[in-house]
Amino acid sequence: MGTFCSVIKFENLHELKRLCHWGPIIALGVIAICSTMAMIDSVLWYWPLHTTGGSVNFIMLINWTVMILYNYFNAMFVGPGLVPLGWKPENSQDTMYLQYCKVCQAYKAPRSHHCRKCNRCVMKMDHHCPWINNCCGYQNHASFTLFLLLAPLGCIHAAFIFVMTMYTQLYNRLSFGWNTVRIDMNAAQRDPLPIFPFGLAAFAATLFALGLALGTTIAVGMLFFIQMKIILRNKTSIESWIEEKAKDRIQYYQLDEVFVFPYDMGSRWRNFKQVFTWSGVPEGDGLEWPIREGCHQYSLTIEQLKQKADKRVRSVRYKVIEDYSGACCPLNKGIKTFFTSPCTEEPRIQLQKGEFILATRGLRYWLYGDKILDDSSVEGVSRIRGWFPRNCVEKCPCDVETDQALEGEKKNR
């Protein structure tokens, strides 16, 4: 209830400016169009309110809209939770395990990362989402995920209304000839007749809303499954990339160690409860986290420091093997690449075969890094930064000098 009050009162009025962005404008526009058209179609042309089924259907439509908007605004205005400016651990000796953020003038708490868009260190940062114009993290992860669940469910209901409306209204307008099928949009044959006839404009609006509903169901539904996958492992998208780089570091140096993700409670249900609670408030304070047996409170941050010191792992070098146009959702790179396109404002970069890339992070089917414009050297060159499909590149061997240095380091370890 406290969360709801904070949303209604808008305790930080400057947060209202988050609405003045293309992401929320498009998202709220889609919600408004689908909800409004579903209610109009249902009441006027498909399932009138004077029937019991029509009343229940109308209440369900309102219920979907209210729950979707509640969780959407919760995710946007409550926010992910920010690391306090100037924060440092209670035990001063623990600072040796943490990275220092010069912008926030504070140490980065475990699982926190600095967001360039928000210009603050975010607790348990997953990603910066343009659709809510805010980060997804510790405090709003549950609301954001519920929005991703409810939006497709509401759109499925709306799509059913749209299809049934067009079917019932067009069925009696069809006239069959020997070689033709005609639709007379002026021939309304319904008893009783609706107040407003289902004309060509209504048909076009319903068809447009149906396209929006189906597109939202597919796109947002995919995002929901991605989020649930990492929630059940008690990870974030950033932590999945850190774990991948940790395994790469151990494999390359042939170390006799196994990286164990410290925040996986060993049970999907326990991991689930770390995000979703009956009170709506996530467990913990966002600064300290429960860990599995045998792990250190700073195991993940220690691994990050190791990767930061290891230039080979921090920036993995790739060679482009296939051209990429820079499209947001490329159809020619595979279905999985198309549907798992990163939901972020960060740009995509065009690739041409033979170019070199330094990847710093990534997802299962996408990588993020810098395109080296001058291949004469790796350090201190001009670069273009952005996302690109993983299947367009392949890891390339380091140059001779770097290889020799790494081999020497491997022997020392």
# chains A, B, ... in the order shown; residues from 1 in each chain; ligands from 1
>>> residues_around(residues="Leu212 in chain A", least_positions_apart="6", cutoff="12 Å", atoms="only C-alpha atoms", output="compact mmCIF listing (two decimals) with N, CA and C atoms, in the first residue's frame")
# COMPACT_ATOMS: atom_id res chain seq x y z
N ILE A 26 4.96 5.81 -26.64
CA ILE A 26 4.53 4.68 -27.49
C ILE A 26 3.83 3.62 -26.66
N ALA A 27 4.42 3.26 -25.50
CA ALA A 27 3.84 2.20 -24.66
C ALA A 27 2.43 2.57 -24.20
N GLY A 29 0.49 4.77 -25.55
CA GLY A 29 -0.37 4.87 -26.73
C GLY A 29 -0.93 3.52 -27.14
N VAL A 30 -0.08 2.49 -27.13
CA VAL A 30 -0.53 1.14 -27.48
C VAL A 30 -1.56 0.65 -26.48
N ILE A 31 -1.30 0.88 -25.18
CA ILE A 31 -2.25 0.47 -24.14
C ILE A 31 -3.59 1.18 -24.33
N ALA A 32 -3.54 2.47 -24.60
CA ALA A 32 -4.77 3.25 -24.77
C ALA A 32 -5.57 2.78 -25.98
N ILE A 33 -4.89 2.55 -27.11
CA ILE A 33 -5.59 2.13 -28.33
C ILE A 33 -6.23 0.76 -28.16
N CYS A 34 -5.45 -0.20 -27.66
CA CYS A 34 -5.98 -1.57 -27.51
C CYS A 34 -7.12 -1.61 -26.49
N SER A 35 -6.95 -0.93 -25.36
CA SER A 35 -7.99 -0.96 -24.32
C SER A 35 -9.26 -0.27 -24.79
N MET A 37 -10.36 0.45 -27.92
CA MET A 37 -11.02 -0.26 -29.00
C MET A 37 -11.67 -1.55 -28.52
N ALA A 38 -11.03 -2.25 -27.58
CA ALA A 38 -11.61 -3.49 -27.07
C ALA A 38 -12.93 -3.20 -26.35
N ALA A 151 0.55 -7.48 -19.77
CA ALA A 151 0.34 -6.85 -21.07
C ALA A 151 -0.01 -7.87 -22.15
N PRO A 152 0.73 -8.99 -22.30
CA PRO A 152 0.32 -9.99 -23.29
C PRO A 152 -1.03 -10.63 -22.98
N GLY A 154 -3.60 -9.28 -21.39
CA GLY A 154 -4.63 -8.32 -21.76
C GLY A 154 -4.79 -8.18 -23.26
N CYS A 155 -3.66 -8.23 -23.99
CA CYS A 155 -3.72 -8.13 -25.45
C CYS A 155 -4.36 -9.36 -26.08
N ILE A 156 -4.15 -10.54 -25.49
CA ILE A 156 -4.79 -11.75 -25.99
C ILE A 156 -6.31 -11.63 -25.86
N ALA A 158 -8.00 -8.81 -25.68
CA ALA A 158 -8.44 -7.78 -26.63
C ALA A 158 -8.46 -8.31 -28.06
N ALA A 159 -7.44 -9.10 -28.42
CA ALA A 159 -7.39 -9.66 -29.77
C ALA A 159 -8.58 -10.59 -30.03
N PHE A 162 -11.50 -8.37 -30.80
CA PHE A 162 -11.40 -7.80 -32.14
C PHE A 162 -11.79 -8.81 -33.22
N ALA A 205 -10.19 0.57 -37.86
CA ALA A 205 -9.66 0.81 -36.52
C ALA A 205 -9.51 -0.50 -35.75
N THR A 206 -10.50 -1.39 -35.89
CA THR A 206 -10.42 -2.69 -35.21
C THR A 206 -9.28 -3.53 -35.75
N ILE A 218 3.44 -10.93 -28.83
CA ILE A 218 4.65 -11.66 -29.21
C ILE A 218 5.90 -11.00 -28.61
N ALA A 219 6.04 -9.69 -28.82
CA ALA A 219 7.26 -8.99 -28.40
C ALA A 219 7.40 -8.96 -26.87
N VAL A 220 6.35 -8.53 -26.18
CA VAL A 220 6.41 -8.43 -24.73
C VAL A 220 6.42 -9.81 -24.08
>>> residues_around(residues="Arg120 in chain A", least_positions_apart="5", cutoff="12 Å", atoms="only C-alpha atoms", output="ChimeraX atom specification")
/A:79-86,101-108,112-115,125,128,134-135
>>> write_last_selection(atoms="N, CA, C and O atoms", output="mmCIF file, in the first residue's frame")
data_model
loop_
_atom_site.group_PDB
_atom_site.id
_atom_site.type_symbol
_atom_site.label_atom_id
_atom_site.label_comp_id
_atom_site.auth_asym_id
_atom_site.auth_seq_id
_atom_site.Cartn_x
_atom_site.Cartn_y
_atom_site.Cartn_z
ATOM 1 N N GLY A 79 10.981 3.128 -9.389
ATOM 2 C CA GLY A 79 12.383 3.052 -9.785
ATOM 3 C C GLY A 79 13.090 1.825 -9.243
ATOM 4 O O GLY A 79 12.541 1.053 -8.450
ATOM 5 N N PRO A 80 14.345 1.637 -9.642
ATOM 6 C CA PRO A 80 15.081 0.422 -9.271
ATOM 7 C C PRO A 80 15.737 0.490 -7.903
ATOM 8 O O PRO A 80 16.144 -0.530 -7.361
ATOM 9 N N GLY A 81 15.858 1.682 -7.343
ATOM 10 C CA GLY A 81 16.615 1.859 -6.107
ATOM 11 C C GLY A 81 18.043 2.263 -6.435
ATOM 12 O O GLY A 81 18.719 1.591 -7.218
ATOM 13 N N LEU A 82 18.499 3.355 -5.855
ATOM 14 C CA LEU A 82 19.821 3.902 -6.155
ATOM 15 C C LEU A 82 20.747 3.740 -4.961
ATOM 16 O O LEU A 82 20.326 3.875 -3.804
ATOM 17 N N VAL A 83 22.004 3.443 -5.240
ATOM 18 C CA VAL A 83 23.009 3.380 -4.182
ATOM 19 C C VAL A 83 23.205 4.800 -3.639
ATOM 20 O O VAL A 83 23.402 5.736 -4.418
ATOM 21 N N PRO A 84 23.126 4.990 -2.311
ATOM 22 C CA PRO A 84 23.275 6.344 -1.758
ATOM 23 C C PRO A 84 24.598 6.985 -2.173
ATOM 24 O O PRO A 84 25.632 6.315 -2.243
ATOM 25 N N LEU A 85 24.546 8.272 -2.463
ATOM 26 C CA LEU A 85 25.768 8.993 -2.818
ATOM 27 C C LEU A 85 26.749 8.944 -1.643
ATOM 28 O O LEU A 85 26.373 9.157 -0.491
ATOM 29 N N GLY A 86 27.989 8.643 -1.956
ATOM 30 C CA GLY A 86 29.007 8.570 -0.912
ATOM 31 C C GLY A 86 28.993 7.276 -0.119
ATOM 32 O O GLY A 86 29.662 7.177 0.914
ATOM 33 N N CYS A 101 33.060 4.360 -7.842
ATOM 34 C CA CYS A 101 32.427 5.139 -8.900
ATOM 35 C C CYS A 101 32.788 6.608 -8.700
ATOM 36 O O CYS A 101 32.409 7.220 -7.693
ATOM 37 N N LYS A 102 33.508 7.176 -9.656
ATOM 38 C CA LYS A 102 33.930 8.568 -9.555
ATOM 39 C C LYS A 102 32.757 9.525 -9.726
ATOM 40 O O LYS A 102 32.769 10.624 -9.183
ATOM 41 N N VAL A 103 31.736 9.115 -10.486
ATOM 42 C CA VAL A 103 30.583 9.989 -10.716
ATOM 43 C C VAL A 103 29.751 10.130 -9.446
ATOM 44 O O VAL A 103 29.377 11.243 -9.044
ATOM 45 N N CYS A 104 29.462 9.005 -8.805
ATOM 46 C CA CYS A 104 28.630 9.018 -7.598
ATOM 47 C C CYS A 104 29.449 9.252 -6.327
ATOM 48 O O CYS A 104 28.868 9.392 -5.242
ATOM 49 N N GLN A 105 30.777 9.256 -6.467
ATOM 50 C CA GLN A 105 31.658 9.436 -5.309
ATOM 51 C C GLN A 105 31.321 8.416 -4.226
ATOM 52 O O GLN A 105 31.196 8.741 -3.039
ATOM 53 N N ALA A 106 31.162 7.175 -4.661
ATOM 54 C CA ALA A 106 30.792 6.107 -3.735
ATOM 55 C C ALA A 106 31.303 4.783 -4.267
ATOM 56 O O ALA A 106 31.620 4.646 -5.455
ATOM 57 N N TYR A 107 31.379 3.807 -3.365
ATOM 58 C CA TYR A 107 31.735 2.461 -3.791
ATOM 59 C C TYR A 107 30.499 1.772 -4.362
ATOM 60 O O TYR A 107 29.374 2.020 -3.904
ATOM 61 N N LYS A 108 30.713 0.931 -5.342
ATOM 62 C CA LYS A 108 29.602 0.191 -5.941
ATOM 63 C C LYS A 108 29.257 -0.990 -5.039
ATOM 64 O O LYS A 108 30.077 -1.886 -4.840
ATOM 65 N N SER A 112 25.445 -3.914 -7.856
ATOM 66 C CA SER A 112 25.071 -2.613 -8.399
ATOM 67 C C SER A 112 25.994 -2.239 -9.554
ATOM 68 O O SER A 112 27.139 -2.682 -9.629
ATOM 69 N N HIS A 113 25.471 -1.399 -10.449
ATOM 70 C CA HIS A 113 26.240 -0.941 -11.609
ATOM 71 C C HIS A 113 25.834 0.497 -11.909
ATOM 72 O O HIS A 113 24.724 0.929 -11.589
ATOM 73 N N HIS A 114 26.738 1.219 -12.541
ATOM 74 C CA HIS A 114 26.459 2.609 -12.881
ATOM 75 C C HIS A 114 25.734 2.681 -14.215
ATOM 76 O O HIS A 114 26.159 2.085 -15.200
ATOM 77 N N CYS A 115 24.604 3.407 -14.239
ATOM 78 C CA CYS A 115 23.826 3.578 -15.461
ATOM 79 C C CYS A 115 24.169 4.936 -16.070
ATOM 80 O O CYS A 115 24.031 5.976 -15.413
ATOM 81 N N MET A 125 21.200 -3.816 -10.801
ATOM 82 C CA MET A 125 20.781 -3.326 -12.117
ATOM 83 C C MET A 125 20.681 -4.472 -13.113
ATOM 84 O O MET A 125 21.609 -5.266 -13.262
ATOM 85 N N HIS A 128 18.677 -0.779 -18.537
ATOM 86 C CA HIS A 128 17.914 0.466 -18.636
ATOM 87 C C HIS A 128 16.870 0.270 -19.727
ATOM 88 O O HIS A 128 17.207 0.043 -20.883
ATOM 89 N N ASN A 134 13.433 4.237 -17.489
ATOM 90 C CA ASN A 134 14.063 4.067 -16.182
ATOM 91 C C ASN A 134 14.795 2.735 -16.170
ATOM 92 O O ASN A 134 14.613 1.912 -17.078
ATOM 93 N N CYS A 135 15.583 2.529 -15.150
ATOM 94 C CA CYS A 135 16.283 1.249 -15.023
ATOM 95 C C CYS A 135 15.374 0.204 -14.395
ATOM 96 O O CYS A 135 14.460 0.521 -13.633
#
>>> closest_residue(among="A:Ser267, A:Gln254, A:Asn71, A:Asn332", to="Leu149 in chain A", atoms="only C-alpha atoms")
A:Asn71
>>> residues_around(residues="range 274-288 of chain A", least_positions_apart="4", cutoff="7 Å", atoms="only C-alpha atoms", output="list in words")
Ala109, Pro110, Met123, Lys124, Tyr138, Gln139, His141, Ala142 and Arg270 of chain A
>>> residues_around(residues="Phe147 in chain A", least_positions_apart="6", cutoff="9 Å", atoms="only C-alpha atoms", output="list of chain:residue names")
A:Met67, A:Ile68, A:Leu69, A:Tyr70, A:Asn71, A:Tyr72, A:Ala75, A:Phe224
>>> write_last_selection(atoms="C-alpha atoms", output="PDB file, in the first residue's frame")
ATOM      1  CA  MET A  67      -3.425  -3.804 -13.454  1.00  0.00           C
ATOM      2  CA  ILE A  68      -1.255  -3.129 -16.511  1.00  0.00           C
ATOM      3  CA  LEU A  69      -1.129   0.616 -15.840  1.00  0.00           C
ATOM      4  CA  TYR A  70      -0.544   0.106 -12.103  1.00  0.00           C
ATOM      5  CA  ASN A  71       2.500  -2.107 -12.622  1.00  0.00           C
ATOM      6  CA  TYR A  72       3.752   0.058 -15.485  1.00  0.00           C
ATOM      7  CA  ALA A  75       8.072   0.243 -12.472  1.00  0.00           C
ATOM      8  CA  PHE A 224       8.647 -11.905 -20.068  1.00  0.00           C
TER       9      PHE A 224
END
>>> select_by_dssp(residues="range 49-283 of chain A", states="helix (DSSP H, G or I)", output="VMD selection string")
chain A and resid 52 to 78 92 to 97 141 to 171 200 to 231 237 to 253 268 to 273
>>> closest_residue(among="A:Met228, A:Asn133, A:Pro290, A:Gln99", to="Lys308 in chain A", atoms="only C-alpha atoms")
A:Gln99
>>> residues_around(residues="Trp269 in chain A", least_positions_apart="5", cutoff="10 Å", atoms="only C-alpha atoms", output="PyMOL selection string")
chain A and resi 231-233+274
>>> atom_distance(atom1="CA of Leu153 in chain A", atom2="CA of Thr168 in chain A")
22.8 Å
>>> residues_around(residues="Ile357 in chain A", least_positions_apart="4", cutoff="9 Å", atoms="only C-alpha atoms", output="ChimeraX atom specification")
/A:315-320,369-372,393
>>> closest_residue(among="A:Gln169, A:Ser42, A:Thr51, A:Ser237", to="Gly137 in chain A", atoms="only C-alpha atoms")
A:Ser237
>>> select_by_dssp(residues="range 31-134 of chain A", states="strand (DSSP E or B)", output="PyMOL selection string")
chain A and resi 82+100-101+106-107+113-115+120-122+127-129+134
>>> closest_residue(among="A:Ile132, A:Asn57, A:Asn140, A:Trp47", to="Glu15 in chain A", atoms="only C-alpha atoms")
A:Ile132
>>> atom_distance(atom1="CA of Met222 in chain A", atom2="CA of Leu150 in chain A")
12.8 Å
>>> closest_residue(among="A:Cys121, A:Glu303, A:Ile238, A:Trp131", to="Cys20 in chain A", atoms="only C-alpha atoms")
A:Trp131
>>> closest_residue(among="A:Gly53, A:Gly221, A:Gly215, A:Gly386", to="Glu346 in chain A", atoms="only C-alpha atoms")
A:Gly386
